[in-house]
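Asker: Pasting structure_20.txt here (compact mmCIF, C-alpha atoms):
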# COMPACT_ATOMS: atom_id res chain seq x y z
CA MET H 1 142.16 103.56 100.97
CA GLU H 2 144.06 101.52 98.36
CA GLU H 3 143.67 98.39 100.48
CA PHE H 4 140.05 99.00 101.51
CA ASP H 5 137.52 96.75 99.75
CA ALA H 6 134.25 98.68 99.91
CA ILE H 7 132.14 95.87 98.44
CA ALA H 8 133.53 93.25 100.83
CA TYR H 9 132.86 95.59 103.76
CA ILE H 10 129.24 96.27 102.78
CA ASN H 11 128.67 92.57 102.11
CA THR H 12 130.09 91.42 105.45
CA PRO H 13 127.95 88.33 106.22
CA ARG H 14 127.03 89.27 109.78
CA TRP H 15 125.41 92.49 108.50
CA GLN H 16 123.24 90.82 105.87
CA GLN H 17 120.26 90.03 108.05
CA VAL H 18 116.94 91.74 107.34
CA SER H 19 116.13 94.01 110.27
CA LEU H 20 113.39 96.49 109.43
CA GLY H 21 113.36 99.79 111.30
CA LEU H 22 114.57 103.35 110.83
CA GLU H 23 116.48 104.06 114.04
CA ARG H 24 119.89 102.77 112.96
CA THR H 25 119.70 104.47 109.58
CA GLN H 26 118.53 107.76 111.11
CA LEU H 27 121.43 107.75 113.54
CA LEU H 28 123.87 106.75 110.79
CA MET H 29 122.73 109.64 108.59
CA GLU H 30 122.99 112.05 111.52
CA LYS H 31 126.64 111.00 111.93
CA LEU H 32 127.15 111.68 108.21
CA GLY H 33 125.62 115.18 108.33
CA ARG H 34 122.18 114.24 106.90
CA PRO H 35 123.16 114.45 103.20
CA GLN H 36 119.59 113.50 102.23
CA ASP H 37 118.39 116.94 103.32
CA SER H 38 120.10 118.53 100.30
CA LEU H 39 118.27 116.28 97.82
CA LYS H 40 114.86 115.98 96.15
CA PHE H 41 113.36 112.53 95.60
CA VAL H 42 110.97 110.35 93.68
CA HIS H 43 110.43 107.48 96.14
CA VAL H 44 109.22 104.22 94.55
CA ALA H 45 107.73 101.31 96.52
CA GLY H 46 105.81 98.24 95.34
CA THR H 47 106.26 94.55 94.62
CA ASN H 48 106.60 94.26 90.85
CA GLY H 49 107.81 96.82 88.33
CA LYS H 50 109.66 99.11 90.76
CA GLY H 51 112.98 98.81 89.00
CA SER H 52 111.83 99.43 85.45
CA THR H 53 109.64 102.30 86.66
CA CYS H 54 112.73 103.83 88.25
CA VAL H 55 114.70 103.37 85.02
CA TYR H 56 112.00 104.97 82.85
CA THR H 57 111.60 107.88 85.28
CA ALA H 58 115.33 108.48 85.70
CA ASN H 59 115.94 108.38 81.94
CA ILE H 60 113.17 110.90 81.31
CA LEU H 61 114.55 113.27 83.96
CA GLN H 62 118.07 112.86 82.61
CA ALA H 63 116.76 113.65 79.10
CA ALA H 64 115.37 116.88 80.60
CA GLY H 65 118.91 117.90 81.54
CA LEU H 66 118.56 117.19 85.25
CA THR H 67 121.44 115.62 87.16
CA THR H 68 119.58 112.48 88.15
CA GLY H 69 120.55 109.91 90.75
CA MET H 70 119.07 106.41 90.79
CA PHE H 71 119.20 103.90 93.65
CA THR H 72 117.95 100.36 92.93
CA SER H 73 118.45 96.81 94.16
CA PRO H 74 119.49 94.11 93.77
CA TYR H 75 122.29 94.52 91.26
CA ILE H 76 122.35 92.23 88.24
CA GLU H 77 125.92 92.19 86.95
CA THR H 78 128.05 94.60 88.98
CA PHE H 79 127.61 95.87 92.52
CA GLU H 80 127.96 99.49 91.43
CA GLU H 81 124.74 99.28 89.36
CA ARG H 82 122.80 100.02 92.53
CA ILE H 83 124.01 103.64 92.64
CA GLN H 84 124.00 105.65 89.41
CA VAL H 85 124.10 109.31 88.40
CA ASN H 86 122.94 110.13 84.87
CA GLY H 87 123.23 106.46 83.98
CA GLN H 88 126.86 106.21 85.14
CA LEU H 89 127.66 103.65 87.81
CA ILE H 90 129.35 104.98 90.94
CA PRO H 91 133.11 104.92 90.18
CA MET H 92 135.09 102.49 92.31
CA ASP H 93 137.29 105.21 93.82
CA GLU H 94 134.19 107.17 94.83
CA LEU H 95 132.58 104.01 96.22
CA LYS H 96 135.67 103.43 98.37
CA SER H 97 135.83 107.04 99.55
CA VAL H 98 132.15 107.25 100.49
CA THR H 99 132.11 103.81 102.09
CA LEU H 100 135.09 104.67 104.29
CA ALA H 101 133.11 107.62 105.68
CA VAL H 102 130.06 105.38 106.15
CA ARG H 103 132.21 102.71 107.85
CA ASP H 104 133.46 105.20 110.43
CA ALA H 105 129.93 106.47 111.11
CA ALA H 106 128.60 102.90 111.34
CA ALA H 107 131.27 102.06 113.95
CA GLU H 108 130.00 104.98 116.03
CA VAL H 109 126.42 103.72 115.69
CA GLU H 110 127.48 100.26 116.87
CA ALA H 111 129.42 101.69 119.79
CA GLU H 112 126.41 103.72 120.91
CA THR H 113 123.61 101.21 120.30
CA GLY H 114 125.26 97.79 120.29
CA GLU H 115 123.85 97.21 116.78
CA HIS H 116 125.78 97.57 113.53
CA PRO H 117 123.81 98.91 110.54
CA THR H 118 122.71 96.20 108.11
CA GLU H 119 124.05 95.73 104.59
CA PHE H 120 121.09 97.57 103.04
CA GLU H 121 121.34 100.40 105.56
CA LEU H 122 125.00 100.83 104.64
CA MET H 123 124.09 100.82 100.94
CA THR H 124 121.40 103.45 101.52
CA ALA H 125 123.89 105.68 103.31
CA VAL H 126 126.52 105.25 100.59
CA GLY H 127 123.98 106.11 97.91
CA LEU H 128 122.70 109.23 99.65
CA CYS H 129 126.23 110.49 100.33
CA HIS H 130 127.22 109.94 96.68
CA PHE H 131 124.13 111.74 95.37
CA ALA H 132 124.78 114.68 97.68
CA ARG H 133 128.43 114.85 96.62
CA ARG H 134 127.37 114.90 92.97
CA LYS H 135 124.79 117.61 93.74
CA CYS H 136 121.95 115.69 92.08
CA ASP H 137 118.92 117.77 91.14
CA ILE H 138 116.68 114.80 91.86
CA VAL H 139 117.07 111.17 92.94
CA VAL H 140 114.84 108.27 91.92
CA MET H 141 115.03 106.00 94.96
CA GLU H 142 113.68 102.46 95.02
CA VAL H 143 112.51 101.02 98.33
CA GLY H 144 114.37 97.88 99.35
CA LEU H 145 111.69 96.01 101.28
CA GLY H 146 108.21 97.19 102.24
CA GLY H 147 108.27 100.94 102.70
CA ARG H 148 107.19 102.12 106.12
CA LEU H 149 110.22 100.65 107.92
CA ASP H 150 112.60 100.45 104.97
CA SER H 151 115.83 102.37 105.50
CA THR H 152 115.19 104.54 102.42
CA ASN H 153 112.20 105.98 104.29
CA ILE H 154 114.43 108.21 106.42
CA ILE H 155 114.09 110.86 103.70
CA ASP H 156 111.66 113.72 104.25
CA ALA H 157 108.59 114.10 102.03
CA PRO H 158 109.57 113.17 98.47
CA GLU H 159 108.41 115.17 95.49
CA VAL H 160 106.46 112.08 94.43
CA ALA H 161 105.65 108.96 96.44
CA ALA H 162 105.04 106.28 93.81
CA ILE H 163 103.65 102.82 94.51
CA ALA H 164 104.14 100.19 91.82
CA ARG H 165 102.04 97.07 91.48
CA ILE H 166 101.52 95.33 94.82
CA GLY H 167 101.62 91.56 95.19
CA LEU H 168 102.35 89.01 97.88
CA ASP H 169 106.06 88.73 98.56
CA HIS H 170 108.10 88.62 101.78
CA THR H 171 104.84 87.77 103.53
CA ALA H 172 106.59 86.82 106.79
CA LEU H 173 107.74 90.43 107.11
CA LEU H 174 105.03 92.41 105.33
CA GLY H 175 101.82 90.45 105.91
CA ASP H 176 99.92 87.79 104.01
CA THR H 177 97.15 89.91 102.46
CA LEU H 178 97.36 92.57 99.77
CA ALA H 179 95.85 95.08 102.19
CA ALA H 180 98.54 94.36 104.80
CA VAL H 181 101.33 94.66 102.23
CA ALA H 182 99.77 97.88 100.88
CA GLY H 183 99.82 99.33 104.37
CA GLU H 184 103.59 98.82 104.51
CA LYS H 185 104.16 100.21 101.01
CA ALA H 186 101.94 103.23 101.70
CA GLY H 187 104.26 104.15 104.57
CA ILE H 188 106.33 106.21 102.10
CA ILE H 189 103.42 108.66 101.63
CA LYS H 190 104.09 111.88 103.54
CA ALA H 191 102.46 115.28 103.87
CA GLY H 192 103.63 117.52 101.02
CA SER H 193 104.21 114.70 98.54
CA SER H 194 102.37 114.03 95.32
CA VAL H 195 101.15 110.43 95.17
CA VAL H 196 101.00 108.21 92.08
CA SER H 197 99.85 104.59 92.24
CA TYR H 198 99.83 101.83 89.67
CA PRO H 199 96.25 100.48 89.35
CA GLN H 200 95.92 98.11 92.30
CA ASP H 201 93.63 95.39 93.55
CA PRO H 202 90.70 97.20 95.26
CA SER H 203 91.75 96.06 98.74
CA ALA H 204 95.22 97.53 98.22
CA GLN H 205 94.01 100.68 96.48
CA GLU H 206 91.69 101.45 99.38
CA ILE H 207 94.64 101.42 101.79
CA ILE H 208 96.75 103.67 99.55
CA ASP H 209 93.89 106.13 99.03
CA ALA H 210 93.30 106.31 102.78
CA ALA H 211 97.01 106.92 103.51
CA ALA H 212 97.09 109.73 100.96
CA MET H 213 93.89 111.28 102.29
CA ALA H 214 95.32 111.26 105.81
CA VAL H 215 98.11 113.63 104.71
CA GLY H 216 95.94 115.74 102.40
CA ALA H 217 97.17 114.23 99.13
CA GLN H 218 95.24 112.97 96.13
CA VAL H 219 96.23 109.76 94.38
CA VAL H 220 96.86 109.81 90.62
CA VAL H 221 96.38 106.45 88.90
CA PRO H 222 97.36 105.83 85.25
CA ASP H 223 94.33 105.45 82.97
CA PHE H 224 95.07 102.20 81.20
CA ALA H 225 92.03 102.74 78.99
CA GLN H 226 94.32 105.21 77.20
CA LEU H 227 97.11 102.65 76.85
CA ARG H 228 97.34 101.00 73.45
CA THR H 229 100.08 98.45 72.96
CA GLY H 230 101.34 98.02 69.43
CA SER H 231 103.21 95.19 67.82
CA THR H 232 106.79 94.12 68.32
CA ALA H 233 109.26 94.48 65.49
CA ILE H 234 112.62 92.97 64.62
CA VAL H 235 115.26 95.53 63.66
CA PRO H 236 118.93 95.04 62.73
CA ASP H 237 121.52 96.07 65.31
CA GLY H 238 124.15 96.95 62.72
CA GLU H 239 126.38 94.07 63.77
CA GLY H 240 124.65 91.21 62.00
CA LYS H 241 122.24 90.51 64.86
CA GLN H 242 118.56 91.30 65.41
CA LEU H 243 116.87 93.37 68.13
CA LEU H 244 113.26 93.48 69.28
CA VAL H 245 111.42 96.76 69.95
CA ARG H 246 107.85 97.42 71.10
CA THR H 247 105.63 100.38 70.21
CA PHE H 248 102.76 101.77 72.27
CA ASP H 249 100.57 104.85 72.79
CA TYR H 250 99.48 106.48 76.01
CA GLY H 251 96.72 109.00 75.42
CA ALA H 252 98.01 111.79 73.20
CA LEU H 253 101.55 110.41 73.42
CA THR H 254 101.61 108.19 70.35
CA GLY H 255 104.37 106.18 68.74
CA LEU H 256 106.38 105.58 71.91
CA HIS H 257 109.18 103.02 71.65
CA THR H 258 110.76 100.75 74.24
CA THR H 259 113.33 97.98 74.10
CA LEU H 260 111.99 96.62 77.40
CA MET H 261 109.92 93.75 76.05
CA GLY H 262 107.86 92.57 79.01
CA GLU H 263 104.13 92.67 78.27
CA TYR H 264 103.78 94.77 81.40
CA GLN H 265 106.36 97.36 80.27
CA PRO H 266 104.00 99.76 78.48
CA GLY H 267 102.02 99.86 81.75
CA ASN H 268 105.20 100.58 83.72
CA ALA H 269 106.10 103.30 81.22
CA ALA H 270 102.63 104.86 81.58
CA PHE H 271 103.09 104.75 85.35
CA ALA H 272 106.43 106.58 84.93
CA ILE H 273 104.76 109.14 82.66
CA GLU H 274 102.23 109.94 85.40
CA ILE H 275 105.09 110.28 87.91
CA VAL H 276 106.74 112.79 85.57
CA ARG H 277 103.46 114.63 85.08
CA ALA H 278 103.18 114.94 88.85
CA LEU H 279 106.66 116.48 88.82
CA GLN H 280 105.63 118.84 86.01
CA ALA H 281 102.69 119.98 88.14
CA ARG H 282 105.18 120.81 90.89
CA GLY H 283 107.23 123.00 88.53
CA TRP H 284 109.81 120.61 87.16
CA ALA H 285 110.60 121.42 83.50
CA VAL H 286 110.17 118.21 81.49
CA SER H 287 108.98 118.23 77.88
CA GLU H 288 107.04 115.69 75.83
CA GLN H 289 110.19 115.05 73.80
CA ASN H 290 112.08 114.34 77.03
CA ILE H 291 109.45 111.70 77.86
CA ARG H 292 109.81 110.09 74.43
CA ASP H 293 113.59 110.12 74.51
CA GLY H 294 113.77 108.82 78.07
CA ILE H 295 111.47 105.87 77.44
CA GLN H 296 113.35 104.88 74.30
CA ALA H 297 116.72 105.11 76.10
CA ALA H 298 115.64 102.96 79.06
CA ARG H 299 117.58 99.73 79.58
CA TRP H 300 116.93 97.29 82.43
CA PRO H 301 118.94 94.05 82.48
CA GLY H 302 117.32 90.81 83.53
CA ARG H 303 113.70 91.87 83.10
CA TYR H 304 112.51 89.93 80.06
CA GLU H 305 115.81 90.84 78.45
CA VAL H 306 115.95 89.53 74.89
CA PHE H 307 119.52 88.88 73.81
CA PRO H 308 120.60 90.23 70.40
CA HIS H 309 119.61 87.37 68.13
CA VAL H 310 121.88 85.49 65.76
CA PRO H 311 119.76 84.12 62.87
CA GLY H 312 119.81 80.32 62.80
CA THR H 313 120.02 79.98 66.60
CA PRO H 314 117.30 80.02 69.26
CA TRP H 315 116.11 83.33 70.66
CA VAL H 316 117.33 83.69 74.25
CA VAL H 317 115.50 85.61 77.00
CA VAL H 318 116.79 86.17 80.54
CA ASP H 319 114.17 87.18 83.08
CA GLY H 320 114.41 87.62 86.84
CA GLY H 321 110.80 86.69 87.57
CA HIS H 322 110.95 85.42 91.14
CA ASN H 323 107.37 85.25 92.43
CA PRO H 324 104.02 84.00 91.07
CA GLN H 325 103.12 87.37 89.53
CA GLY H 326 106.50 87.61 87.86
CA ILE H 327 106.25 84.10 86.37
CA GLU H 328 102.69 84.74 85.17
CA ALA H 329 103.90 87.93 83.49
CA LEU H 330 106.78 85.97 81.96
CA ARG H 331 104.35 83.49 80.43
CA ARG H 332 102.05 86.22 79.07
CA THR H 333 105.02 88.04 77.57
CA CYS H 334 106.31 84.90 75.86
CA GLU H 335 102.85 84.31 74.37
CA ASP H 336 102.72 87.94 73.23
CA VAL H 337 106.25 88.46 71.90
CA PHE H 338 106.86 84.94 70.57
CA PRO H 339 103.41 83.56 69.71
CA GLY H 340 103.39 79.87 68.96
CA LYS H 341 106.82 79.25 70.49
CA ALA H 342 106.64 77.06 73.60
CA PRO H 343 109.89 77.93 75.41
CA TYR H 344 112.57 75.66 76.76
CA VAL H 345 112.99 77.00 80.30
CA VAL H 346 116.14 77.03 82.41
CA LEU H 347 114.71 77.41 85.92
CA SER H 348 116.37 78.04 89.28
CA LEU H 349 114.31 79.06 92.29
CA LEU H 350 114.72 80.00 95.94
CA ALA H 351 113.20 77.67 98.52
CA ASP H 352 111.41 80.48 100.37
CA LYS H 353 109.41 81.52 97.30
CA ASP H 354 106.03 80.13 96.25
CA TYR H 355 107.59 77.65 93.85
CA ASP H 356 104.46 75.49 93.84
CA SER H 357 102.49 78.23 92.08
CA MET H 358 105.37 79.19 89.80
CA THR H 359 105.96 75.65 88.55
CA GLU H 360 102.23 75.18 88.00
CA THR H 361 102.17 78.26 85.75
CA LEU H 362 104.94 76.82 83.58
CA ALA H 363 104.12 73.09 83.60
CA ASP H 364 101.44 73.18 80.88
CA PHE H 365 103.28 75.79 78.82
CA ALA H 366 106.99 75.05 78.45
CA ALA H 367 108.37 72.64 75.86
CA GLY H 368 110.99 71.41 78.32
CA PHE H 369 112.97 72.30 81.42
CA VAL H 370 116.55 72.40 82.62
CA THR H 371 116.68 72.89 86.39
CA MET H 372 119.62 73.89 88.53
CA THR H 373 120.50 75.06 92.02
CA PRO H 374 120.97 78.86 92.06
CA PRO H 375 124.09 80.27 93.74
CA ASN H 376 122.27 81.41 96.88
CA LEU H 377 122.03 80.18 100.47
CA ARG H 378 118.22 80.09 100.12
CA ALA H 379 118.36 77.93 96.99
CA LEU H 380 115.89 75.19 96.13
CA PRO H 381 118.04 72.24 94.95
CA GLY H 382 117.78 71.62 91.23
CA GLU H 383 116.97 67.93 91.79
CA GLU H 384 114.04 68.82 94.04
CA LEU H 385 112.76 71.40 91.57
CA ALA H 386 112.90 68.76 88.81
CA LYS H 387 110.76 66.41 90.91
CA VAL H 388 108.18 69.15 91.52
CA LEU H 389 108.04 69.95 87.80
CA ARG H 390 107.71 66.28 86.86
CA GLY H 391 104.72 65.97 89.17
CA LYS H 392 103.13 69.13 87.72
CA CYS H 393 103.70 68.03 84.12
CA ASP H 394 102.30 64.56 84.82
CA ALA H 395 99.26 66.13 86.46
CA CYS H 396 98.43 68.04 83.28
CA ASN H 397 98.99 64.99 81.05
CA ARG H 398 102.40 66.05 79.72
CA PRO H 399 104.67 63.17 80.75
CA GLN H 400 106.69 63.59 77.56
CA VAL H 401 108.08 67.00 78.57
CA PRO H 402 111.87 66.63 79.07
CA ILE H 403 113.22 67.74 82.45
CA VAL H 404 116.99 67.75 82.88
CA VAL H 405 119.10 68.74 85.90
CA ALA H 406 122.21 70.87 85.30
CA GLU H 407 125.19 71.50 87.56
CA SER H 408 125.81 75.13 86.57
CA PHE H 409 124.65 77.77 84.11
CA ASP H 410 127.37 76.71 81.67
CA ASP H 411 126.07 73.14 81.94
CA ALA H 412 122.49 74.42 81.62
CA ARG H 413 123.39 76.31 78.44
CA VAL H 414 124.81 73.17 76.86
CA LYS H 415 121.84 71.02 77.90
CA VAL H 416 119.10 73.44 76.87
CA MET H 417 120.74 73.99 73.48
CA GLN H 418 120.64 70.21 72.98
CA LEU H 419 116.87 70.38 73.51
CA ALA H 420 116.09 73.54 71.53
CA GLY H 421 116.18 73.86 67.76
CA PRO H 422 117.30 76.91 65.73
CA GLU H 423 113.75 78.29 65.52
CA ASP H 424 112.95 77.79 69.20
CA LEU H 425 112.87 80.04 72.25
CA VAL H 426 115.04 79.59 75.35
CA VAL H 427 114.03 81.37 78.58
CA VAL H 428 116.24 81.57 81.68
CA SER H 429 114.28 82.56 84.78
CA GLY H 430 113.50 82.16 88.47
CA SER H 431 115.66 84.58 90.46
CA LEU H 432 117.16 88.04 90.03
CA TYR H 433 120.17 86.74 91.94
CA SER H 434 120.90 84.33 89.09
CA VAL H 435 120.67 86.79 86.22
CA SER H 436 124.32 87.83 86.21
CA ALA H 437 125.62 84.24 86.12
CA ALA H 438 123.00 83.28 83.53
CA LYS H 439 123.90 86.18 81.25
CA ALA H 440 127.61 85.42 81.50
CA ALA H 441 126.96 81.80 80.50
CA PHE H 442 124.51 82.45 77.69
CA ARG H 443 126.54 85.22 76.09
CA LYS H 444 128.80 82.38 74.96
Using structure tokens, write down the structure that the file contains.
Answerer:
Amino acid sequence: MEEFDAIAYINTPRWQQVSLGLERTQLLMEKLGRPQDSLKFVHVAGTNGKGSTCVYTANILQAAGLTTGMFTSPYIETFEERIQVNGQLIPMDELKSVTLAVRDAAAEVEAETGEHPTEFELMTAVGLCHFARRKCDIVVMEVGLGGRLDSTNIIDAPEVAAIARIGLDHTALLGDTLAAVAGEKAGIIKAGSSVVSYPQDPSAQEIIDAAAMAVGAQVVVPDFAQLRTGSTAIVPDGEGKQLLVRTFDYGALTGLHTTLMGEYQPGNAAFAIEIVRALQARGWAVSEQNIRDGIQAARWPGRYEVFPHVPGTPWVVVDGGHNPQGIEALRRTCEDVFPGKAPYVVLSLLADKDYDSMTETLADFAAGFVTMTPPNLRALPGEELAKVLRGKCDACNRPQVPIVVAESFDDARVKVMQLAGPEDLVVVSGSLYSVSAAKAAFRK
């Protein structure tokens, strides 16, 4: 065990392909004694907002005194972030121990079927085994990709099937219309579950409603008419720096506080509140104070994460927006949280994303750009991204906007700080896979 590298095993390159389907995972879990059968779940699918919804929900349940597991992806800074119990990352010795058991079961699956479980299937198995070992009262489980054929969907009916905001992403696998994508996401809805959906485009909502009706469930949708977003405030952190907080109300729940600054975060919090209310209706003991405390305690790195601010230097935001909806939300949040500050944007994108739409959203907004090639096999080269941005800026009569290519995030930090003044805003965005490297560089 001392010599076994669990992370290297799970990340073995030949197992990293996307291969949707439940058969391998079902067989793998059979070999492991079906640990998922001892657990209760909140199962969260969707395109945008899944992660922060999971964090809000898990924090509320933890505040209620429940031993709460949380499974999310991808990780931002450390691999172990993907599997947490009561906010604590899976310890490395436990990760090794569980992964050794999963490795042996996976070898049996490969021997019987000729197919080795994929990286995400291995991760799902490790997470479920860890949660069972820790005797979690409830697990908040984020879908990896889609829903219907995602390996997390081997669980029986969850307490709540929750579907976050649906958009177009992974269209080659999930379909190129919102209705088609919704059909895949709605695959987590099962007889016996409560169903909560973020307000969707009508074509997507129709699919979700029909899936719920087919199993005798009724869909609860947050009433955003009751959502009132307050102002942001700067508060001292006690160490000479400044923090941003946002206040909001949701119906009778007034004066809620979150440090998650995205303009969409009060909506995600309201979505989480409705998930918790669905749990309350099923007999789970969660108080209003638990809801307040859980929302205020929620932390989610890389999602419009505002660094603690040193007066006299630019504000720095790191955001993992990686599709057109995410970049549009990034722009709206900048305009809301930092009105009048056109940001200097450090941008790195993947070539298989809709970078044409994303660059168009930023071209008439940003004060300048530093582009770079993200550390990913699917990367769009920084030089190519710079050419695309130059064309977009020229097209909207902004030829004066500076666009600089950087070699690394350390180089990008130096170059963007040469562009930005002490009262300006710097935003680092484009890919969740780049957040960890970006944060390490910009902490300097």
Asker: If we count only C-alpha atoms, what is near region 234-236 of chain H at a cut-off of 12 Å, once residues fewer than 5 positions away on the same chain are taken out, given as a PDB file with C-alpha atoms, keeping the file's coordinate frame?
Answerer:
ATOM      1  CA  LYS H 241     122.240  90.510  64.860  1.00  0.00           C
ATOM      2  CA  GLN H 242     118.560  91.300  65.410  1.00  0.00           C
ATOM      3  CA  LEU H 243     116.870  93.370  68.130  1.00  0.00           C
ATOM      4  CA  LEU H 244     113.260  93.480  69.280  1.00  0.00           C
ATOM      5  CA  VAL H 245     111.420  96.760  69.950  1.00  0.00           C
ATOM      6  CA  ARG H 246     107.850  97.420  71.100  1.00  0.00           C
ATOM      7  CA  THR H 247     105.630 100.380  70.210  1.00  0.00           C
ATOM      8  CA  THR H 259     113.330  97.980  74.100  1.00  0.00           C
ATOM      9  CA  MET H 261     109.920  93.750  76.050  1.00  0.00           C
ATOM     10  CA  VAL H 306     115.950  89.530  74.890  1.00  0.00           C
ATOM     11  CA  PRO H 308     120.600  90.230  70.400  1.00  0.00           C
ATOM     12  CA  HIS H 309     119.610  87.370  68.130  1.00  0.00           C
ATOM     13  CA  VAL H 310     121.880  85.490  65.760  1.00  0.00           C
ATOM     14  CA  PRO H 311     119.760  84.120  62.870  1.00  0.00           C
ATOM     15  CA  TRP H 315     116.110  83.330  70.660  1.00  0.00           C
ATOM     16  CA  VAL H 337     106.250  88.460  71.900  1.00  0.00           C
ATOM     17  CA  PHE H 338     106.860  84.940  70.570  1.00  0.00           C
TER      18      PHE H 338
END
Asker: I'd like the neighbourhood of region 287-304 of chain H as an mmCIF file with C-alpha atoms, in the coordinates of the input, where a residue qualifies if any of its atoms comes within 7 Å (using only C-alpha atoms), though same-chain residues fewer than 2 positions away should be ignored.
Answerer:
data_model
loop_
_atom_site.group_PDB
_atom_site.id
_atom_site.type_symbol
_atom_site.label_atom_id
_atom_site.label_comp_id
_atom_site.auth_asym_id
_atom_site.auth_seq_id
_atom_site.Cartn_x
_atom_site.Cartn_y
_atom_site.Cartn_z
ATOM 1 C CA SER H 52 111.830 99.430 85.450
ATOM 2 C CA VAL H 55 114.700 103.370 85.020
ATOM 3 C CA TYR H 56 112.000 104.970 82.850
ATOM 4 C CA ASN H 59 115.940 108.380 81.940
ATOM 5 C CA ILE H 60 113.170 110.900 81.310
ATOM 6 C CA ALA H 63 116.760 113.650 79.100
ATOM 7 C CA ALA H 64 115.370 116.880 80.600
ATOM 8 C CA ILE H 76 122.350 92.230 88.240
ATOM 9 C CA LEU H 256 106.380 105.580 71.910
ATOM 10 C CA HIS H 257 109.180 103.020 71.650
ATOM 11 C CA THR H 258 110.760 100.750 74.240
ATOM 12 C CA THR H 259 113.330 97.980 74.100
ATOM 13 C CA LEU H 260 111.990 96.620 77.400
ATOM 14 C CA MET H 261 109.920 93.750 76.050
ATOM 15 C CA GLY H 262 107.860 92.570 79.010
ATOM 16 C CA ALA H 285 110.600 121.420 83.500
ATOM 17 C CA VAL H 306 115.950 89.530 74.890
ATOM 18 C CA VAL H 317 115.500 85.610 77.000
ATOM 19 C CA VAL H 318 116.790 86.170 80.540
ATOM 20 C CA ASP H 319 114.170 87.180 83.080
ATOM 21 C CA GLY H 320 114.410 87.620 86.840
ATOM 22 C CA VAL H 435 120.670 86.790 86.220
#
Asker: What is the CA of Gly192 (chain H) to CA of Asp156 (chain H) distance in Å?
Answerer: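 Result for CA of Gly192 (chain H) versus CA of Asp156 (chain H): 9.5 Å, one decimal.
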Asker: Show me, as an MDAnalysis selection string, the residues that have an atom within 8 Å of region 183-191 of chain H when counting all atoms listed in the file, minus same-chain residues fewer than 2 positions from it.
Answerer: chainID H and resid 43 45:46 146:149 153 156:158 161 163 174 179:181 193 195 204 207:208 211:212 215:217
Asker: For the atom pair CA of Ala233 (chain H) and CA of Gly340 (chain H), what is the interatomic distance in Å to one decimal place?
Answerer: 16.1 Å
Asker: Just how far from CA of Glu119 (chain H) is CA of Asn11 (chain H), in Å to one decimal?
Answerer: 6.1 Å
Asker: Just checking: using all atoms listed in the file, which residue out of H:Glu3, H:Glu206, H:Glu30, H:Glu23 ends up closest to Glu115 (chain H)?
Answerer: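 The closest residue to Glu115 (chain H) is H:Glu23.
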Asker: When you count all atoms listed in the file, which of these residues is closest to Ala58 (chain H): H:Ser38, H:Gln88, H:Ser231, H:Ser408?
Answerer: H:Gln88
Asker: Could you check the closest approach to Gly326 (chain H) for each of H:Ala420, H:Val139, H:Leu432, H:Leu27 and tell me which residue wins, using all atoms listed in the file?
Answerer: H:Leu432
Asker: Out of H:Pro374, H:Pro343, H:Gly368, H:Gly312, which residue has the shortest atom-to-atom distance to Leu389 (chain H) when counting only C-alpha atoms?
Answerer: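 Between H:Pro374, H:Pro343, H:Gly368, H:Gly312, the residue approaching Leu389 (chain H) most closely is H:Gly368.
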Asker: Considering all atoms listed in the file, can you say which of H:Leu350, H:Val426, H:Val219, H:Ala342 comes closest to Asn323 (chain H)?
Answerer: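 Under the stated criterion, the closest residue is H:Leu350.
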Asker: Which residue, H:Tyr75, H:Phe4, H:Trp15, H:Phe120, has the smallest gap to Lys96 (chain H) when you use all atoms listed in the file?
Answerer: H:Phe4
Asker: Neighbouring residues of Gly251 (chain H) were defined as those with any atom within 12 Å, considering only C-alpha atoms; residues of the same chain fewer than 4 positions away were excluded. Please report them as a list in words.
Answerer: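 So the residues in contact are Pro222, Asp223, Phe224, Ala225, Gln226, Leu227, Arg228, Thr229, Gly255, Leu256, Ala270, Ile273 and Glu274 of chain H.
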Asker: Write out as JSON, numbers by chain which residues come within 10 Å of Phe271 (chain H) when counting all atoms listed in the file, dropping same-chain ones fewer than 3 positions away.
Answerer: {"H": [49, 53, 56, 57, 162, 163, 164, 165, 196, 197, 198, 199, 220, 221, 222, 223, 224, 265, 266, 267, 268, 274, 275, 276, 277]}
Asker: Any chance you could export the current selection's C-alpha atoms as a short mmCIF file (atom, residue, chain, number, x, y, z; two decimals), in the frame of the given file?
Answerer:
data_model
loop_
_atom_site.label_atom_id
_atom_site.label_comp_id
_atom_site.auth_asym_id
_atom_site.auth_seq_id
_atom_site.Cartn_x
_atom_site.Cartn_y
_atom_site.Cartn_z
CA GLY H 49 107.81 96.82 88.33
CA THR H 53 109.64 102.30 86.66
CA TYR H 56 112.00 104.97 82.85
CA THR H 57 111.60 107.88 85.28
CA ALA H 162 105.04 106.28 93.81
CA ILE H 163 103.65 102.82 94.51
CA ALA H 164 104.14 100.19 91.82
CA ARG H 165 102.04 97.07 91.48
CA VAL H 196 101.00 108.21 92.08
CA SER H 197 99.85 104.59 92.24
CA TYR H 198 99.83 101.83 89.67
CA PRO H 199 96.25 100.48 89.35
CA VAL H 220 96.86 109.81 90.62
CA VAL H 221 96.38 106.45 88.90
CA PRO H 222 97.36 105.83 85.25
CA ASP H 223 94.33 105.45 82.97
CA PHE H 224 95.07 102.20 81.20
CA GLN H 265 106.36 97.36 80.27
CA PRO H 266 104.00 99.76 78.48
CA GLY H 267 102.02 99.86 81.75
CA ASN H 268 105.20 100.58 83.72
CA GLU H 274 102.23 109.94 85.40
CA ILE H 275 105.09 110.28 87.91
CA VAL H 276 106.74 112.79 85.57
CA ARG H 277 103.46 114.63 85.08
#
